[in-house]
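Taking it in order: structure first as structure tokens, then the write-up.
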Amino acid sequence: MPRHAPPSPRPHAPVDDQGLNGRGRGWPWLKAPIGVALLAAVLLSVLTAFGRADLQWSAGAAALILGAGLVAGWRFGQGPGVNAGFRRSSDEPPTPPPEEVQTYVLALELAPNPVLLVSAEDLDDVAGRRVVFANAEARDLLRIEREGALLVTALRHPTVLEAIDEALFGRIPRMLSYETGGAQERSWRVWTKPLPPNARHPRLALVIMRDETDVRRNERMRADFLANASHELRTPLASLTGFIETLRGHARDDAEARDRFLIIMSRQAERMARLIDDLLSLSRIELNEHIRPGGQCDLSLAVGDVLDALAPQIAAKQVRVEFDLAPPGAAEIVGDRDQIVQVAQNLLDNAVKYAPNEGLVRVSVARNLTLEGATATRPDDARQSARSGGRMPLLTPARNGAERYALLRVDDGGPGMAREHLPRLTERFYRVEGQKSGERTGTGLGLAIVKHIVNRHRGGFYVESAPGHGAAFSVYLPMTARAMQRADTLLPTAQADAGLSHEPRAA
Amino acid sequence: MSMNEHTLKFFGEELGQLKAEVARMGGLAEAQVADAIEAIARRDVAIAEDVVGRDRRLDGMQHDIEKKAIRIISLRQPVAQDLRRTVSALKMSSILERTGDYAKNIAKRGLIIADAEPLSALTRSIERMGKLVSGRLKDALDAYTNAELDRAMDVWQNDEEVDEHYNSLFRELLTYMIGDPRMINSCAHLLFVAKNLERIGDYATNIAEIVHYEVTGEEIVGDRPKWSGMSGPAKSEPAEPEL
């Protein structure tokens with residue numbers, strides 16, 4: 001069943017004269033509960049008769065909204081006319097125009113915030129709390145598959161459940177905040193309100209949710225940024241201040257020392273600038289982390305571009321780069337190109353940095369892999385049998401059976417790391433002790449940035465390393481449907497890429 | 001609703017009710033764990049006391065679920081999947097009760113740590129591990145409430161991350177204790193907090209096993225992937241053609 005399909009505005013049973021009259025008199029049908037409930041029942045059966053599962057939602061909702069609306073209309077309406085209308089239960093009720101009701105349902109359905117209607121029976125009967133209506137946002141967020149689903153399968157946070165119970169049984173409205181954990185944390189504000197009962201549901205509550213993840217993240221981000229920035233900028237700043245004092249003091253007239261100091265100072269200033277850039281970009285990525293990107297990007301092309309840009313560093317260290325990239329168009333992934341380039345940039349930059357002089361860096365892009373394929377261990381990898389190394393997942397996506405991944409793997413042939421460092425590599429400013437402490441050109445944020453970008457793209461990230469065996473970082477990202485199709489029709493096996501090795505371009 | 005209607009309820013509804021109660025209990029256990037971690041991370045005494053106070057409700061819920069499950073078994077004598085669902089509810093309730101106990105224990109230690117010097121680097125590491133464990137518990141409970149085999153298998157297979165966090169934290173804490181004996185008290189408590197979190201992570205794996213049993217009627221066969229450097233290459237991952 002299409003979960004996102006909004007109720008289609010299909011034509012309904014012809015409106016009778018009474019309905020038109022009713023509208024002419026300014027919705028008097030609101031005041032005739034039984035008639036409306038009847039009509040709701042008719043509407044429900046008509047829609048159900050269409051046999052369209054997605055319409056059952058709207059039908060149920062129509063019945064509910066009618067019931068709720070008419071009682072509200074009766075309560076809040078003014079003048080004796082309203083009450084007279086309510087009492088006139090034996091009269092022939094005017095009929096509401098169904099397409100109008102349908103419009104209200106559609107309005108709720110399209111609302112950007114999750115909206116739920118919950119019904120209940122007994123206080124003790126936990127299974128009696130059911131979701132009788134959920135709009136598209138709510139169904140998507142809470143993964144509600146059908147009308148009448150158990151409330152606890154959709155929401156189980158105790159505070160929220162308590163508030164809903166208070167609305168249902170105590171008729172008390174509440175507002176509260178709660179957070180959901182998992183890879184993409186989110187903060188929600190929830191309003192619960194009692195609704196007047198109707199013929200089908202003796203107890204009803206309205207639940208409205210608002211996503212406050214952005215607000216919360218903004219608050220936290222500002223605090224984190226300040227803390228990180230002030231802490232990490234202090235070291236280069238102290239060094240700058242020291243040199244300035246020396247230049248003002250005894251090195252004032254020493255031209256040779258002045259030149260040397262200025263070079264060091266400009267390096268420190270560059271480092272500070274890089275640090276600020278990285279911190280800002282990390283903050284930006286974290287702000288959007290719960291929003292999956294929509295664009296598409298070719299992983300092989302992105303990696304190729306980054307390799308070209310790194311040519312000077314590669315040449316300076318005389319590092320050989322051996323690469324094996326899927327052909328252009330084959331490894332197309334769902335993603336934000338700038339961020340994917342940043343991922344490739346950070347991984348390749350690290351690899352070149354940690355590779356020994358005249359060493360070998362291996363880069364590969366494979367595509368059309370299942371989750372198992374993307375995370376499979378290479379049987380020939382020496383790191384797997386090394387005593388204090390191995391393979392460590394740094395980020396694992398939620399399983400989606402239909403997803404196929406493109407995999408970028410960068411192997412640096414460098415000194416490698418012991419296993420105790422591996423789980424902490426994506427922590428901000430984490431340093432592997434004893435590793436090239438002489439020249440700290442990195443900001444300590446590169447892998448944290450990679451992890452957050454990959455998480456936003458719903459991909460995965462792992463490292464394989466052992467002391468003396470180098471480090472290989474692998475990132476896998478969901479492919480576009482188009483690229484998956486192409487792979488299925490043209491190149492059915494993953495091995496098909498194996499023959500398409502490229503000659504190194506940069507050297 | 002009258003008592004009469006209650007007794008006339010269909011058997012399926014009774015099972016549905018049992019599952020709903022387990023899900024509700026799961027929600028409470030999940031919130032207890034999240035709050036306990038928050039209490040440690042923010043040095044928040046009020047939250048810690050709330051967690052300790054709420055633990056009794058989990059005990060009560062377990063008692064209710066147990067009573068209902070036993071009633072179903074004795075009166076309805078369920079077979080096949082109905083029996084599995086009943087037994088699963090029983091097992092789940094006891095796992096969730098113990099999860100709650102660990103959360104309570106973490107909160108109690110949070111009360112003690114809040115009195116000592118702040119150790120922000122360490123509590124941040126604990127928070128990271130806690131978030132990871134909370135996420136696994138959430139995924140496992142999602143898998144249980146929606147009877148999703150795939151999601152359960154994911155939880156079951158990705159246990160090593162938590163274990164590695166624990167090992168890494170263990171080393172970190174030892175370093176601190178050796179470096180400054182005045183910190184031994186707080187560090188020892190944090191060590192137990194880390195151990196409790198690791199146990200909660202194991203329970204998430206157990207929940208995944210229960211989901212597998214409930215849905216398929218079989219135990220999961222094969223070993224869970226562990227650190228490959230310790231026990232050889234991961235066995236449950238099929239070796240696929242590379243690249």
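The way I read the labels, and the way they are meant: chains A, B, ... in the order of the structure tokens, residue 1 as the first residue of every chain, and ligand 1 as the first ligand shown, with later ones counted on from there.
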
For Ala69 of chain B, list every protein, DNA or RNA residue within 12 Å, evaluated using only C-alpha atoms, and leave out those in the same chain fewer than 6 positions away; present the list as a list in words.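 The residues that qualify are Phe11, Glu14, Leu15, Gly16, Gln17, Leu18, Lys19, Glu21, Val22, Gln62, His63, Leu75, Arg76, Gln77, Pro78, Asp82, Leu83, Arg84, Arg85, Thr86, Val87, Ser88, Ala89, Leu90, Lys91, Met92 and Ser93 of chain B.
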
Output file for the residues above (N, CA and C atoms, as a short mmCIF file (atom, residue, chain, number, x, y, z; two decimals), in the first residue's frame):
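part-v7.cif, freshly written:
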data_model
loop_
_atom_site.label_atom_id
_atom_site.label_comp_id
_atom_site.auth_asym_id
_atom_site.auth_seq_id
_atom_site.Cartn_x
_atom_site.Cartn_y
_atom_site.Cartn_z
N PHE B 11 -8.91 -14.44 21.65
CA PHE B 11 -7.58 -14.84 22.08
C PHE B 11 -6.52 -13.94 21.45
N GLU B 14 -6.09 -10.82 23.20
CA GLU B 14 -5.35 -10.98 24.45
C GLU B 14 -3.85 -10.94 24.19
N LEU B 15 -3.45 -11.62 23.11
CA LEU B 15 -2.03 -11.62 22.75
C LEU B 15 -1.59 -10.22 22.35
N GLY B 16 -2.46 -9.54 21.61
CA GLY B 16 -2.16 -8.17 21.19
C GLY B 16 -1.95 -7.28 22.41
N GLN B 17 -2.79 -7.49 23.39
CA GLN B 17 -2.70 -6.71 24.62
C GLN B 17 -1.37 -6.97 25.32
N LEU B 18 -0.98 -8.24 25.33
CA LEU B 18 0.27 -8.61 25.98
C LEU B 18 1.44 -7.90 25.29
N LYS B 19 1.42 -7.93 23.96
CA LYS B 19 2.50 -7.30 23.20
C LYS B 19 2.51 -5.79 23.46
N GLU B 21 1.55 -4.28 26.09
CA GLU B 21 2.10 -3.98 27.41
C GLU B 21 3.62 -4.11 27.43
N VAL B 22 4.12 -5.10 26.68
CA VAL B 22 5.58 -5.23 26.60
C VAL B 22 6.17 -4.00 25.91
N GLN B 62 6.47 -5.71 34.91
CA GLN B 62 6.94 -7.07 34.66
C GLN B 62 6.02 -8.08 35.34
N HIS B 63 5.65 -7.74 36.56
CA HIS B 63 4.79 -8.63 37.32
C HIS B 63 3.46 -8.85 36.57
N LEU B 75 -4.73 -21.10 30.53
CA LEU B 75 -6.13 -21.16 30.11
C LEU B 75 -6.30 -21.44 28.62
N ARG B 76 -5.44 -20.86 27.80
CA ARG B 76 -5.62 -20.98 26.35
C ARG B 76 -4.78 -22.09 25.74
N GLN B 77 -3.78 -22.51 26.46
CA GLN B 77 -2.84 -23.51 25.96
C GLN B 77 -2.43 -23.26 24.52
N PRO B 78 -1.78 -22.12 24.29
CA PRO B 78 -1.44 -21.74 22.92
C PRO B 78 -0.40 -22.69 22.31
N ASP B 82 1.46 -18.62 18.50
CA ASP B 82 0.82 -18.02 19.67
C ASP B 82 1.63 -18.31 20.93
N LEU B 83 2.13 -19.54 21.01
CA LEU B 83 2.95 -19.90 22.16
C LEU B 83 4.25 -19.09 22.16
N ARG B 84 4.83 -18.97 20.96
CA ARG B 84 6.09 -18.22 20.87
C ARG B 84 5.88 -16.77 21.28
N ARG B 85 4.76 -16.20 20.85
CA ARG B 85 4.51 -14.79 21.21
C ARG B 85 4.36 -14.65 22.71
N THR B 86 3.68 -15.63 23.31
CA THR B 86 3.50 -15.55 24.76
C THR B 86 4.83 -15.68 25.49
N VAL B 87 5.60 -16.68 25.07
CA VAL B 87 6.90 -16.90 25.73
C VAL B 87 7.81 -15.70 25.51
N SER B 88 7.77 -15.13 24.28
CA SER B 88 8.60 -13.96 24.00
C SER B 88 8.24 -12.82 24.95
N ALA B 89 6.95 -12.61 25.16
CA ALA B 89 6.53 -11.53 26.05
C ALA B 89 7.10 -11.75 27.45
N LEU B 90 7.05 -13.01 27.90
CA LEU B 90 7.62 -13.34 29.20
C LEU B 90 9.10 -12.99 29.28
N LYS B 91 9.83 -13.46 28.25
CA LYS B 91 11.27 -13.20 28.24
C LYS B 91 11.56 -11.72 28.16
N MET B 92 10.82 -11.04 27.28
CA MET B 92 11.05 -9.60 27.10
C MET B 92 10.87 -8.87 28.42
N SER B 93 9.80 -9.23 29.14
CA SER B 93 9.52 -8.47 30.36
C SER B 93 10.66 -8.63 31.35
#

What's the 12 Å shell around Phe169 of chain A, counting only C-alpha atoms, without same-chain residues fewer than 4 positions away, as an MDAnalysis selection string? chainID A and resid 118:124 129 161:165 173 193:197 202:205

Return the single residue from A:Ile244, A:Glu420, A:Val160, A:Glu100 that is closest to Phe170 of chain B, with distances computed using only C-alpha atoms.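 Checking each of A:Ile244, A:Glu420, A:Val160, A:Glu100 against Phe170 of chain B, counting only C-alpha atoms, the winner is A:Glu420.
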
What's around segment 455-466 of chain A at 7 Å? Count only C-alpha atoms, leave out sequence neighbours fewer than 4 positions away in its own chain, and write the answer as a PyMOL selection string. chain A and resi 289-293+335+383+386+388-397+416-419+451+470-478

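Candidate residues B:Gly179, B:Leu141, B:Ala116, B:Asp202 were compared for distance to Asn158 of chain B, and the nearest is B:Asp202, using only C-alpha atoms.
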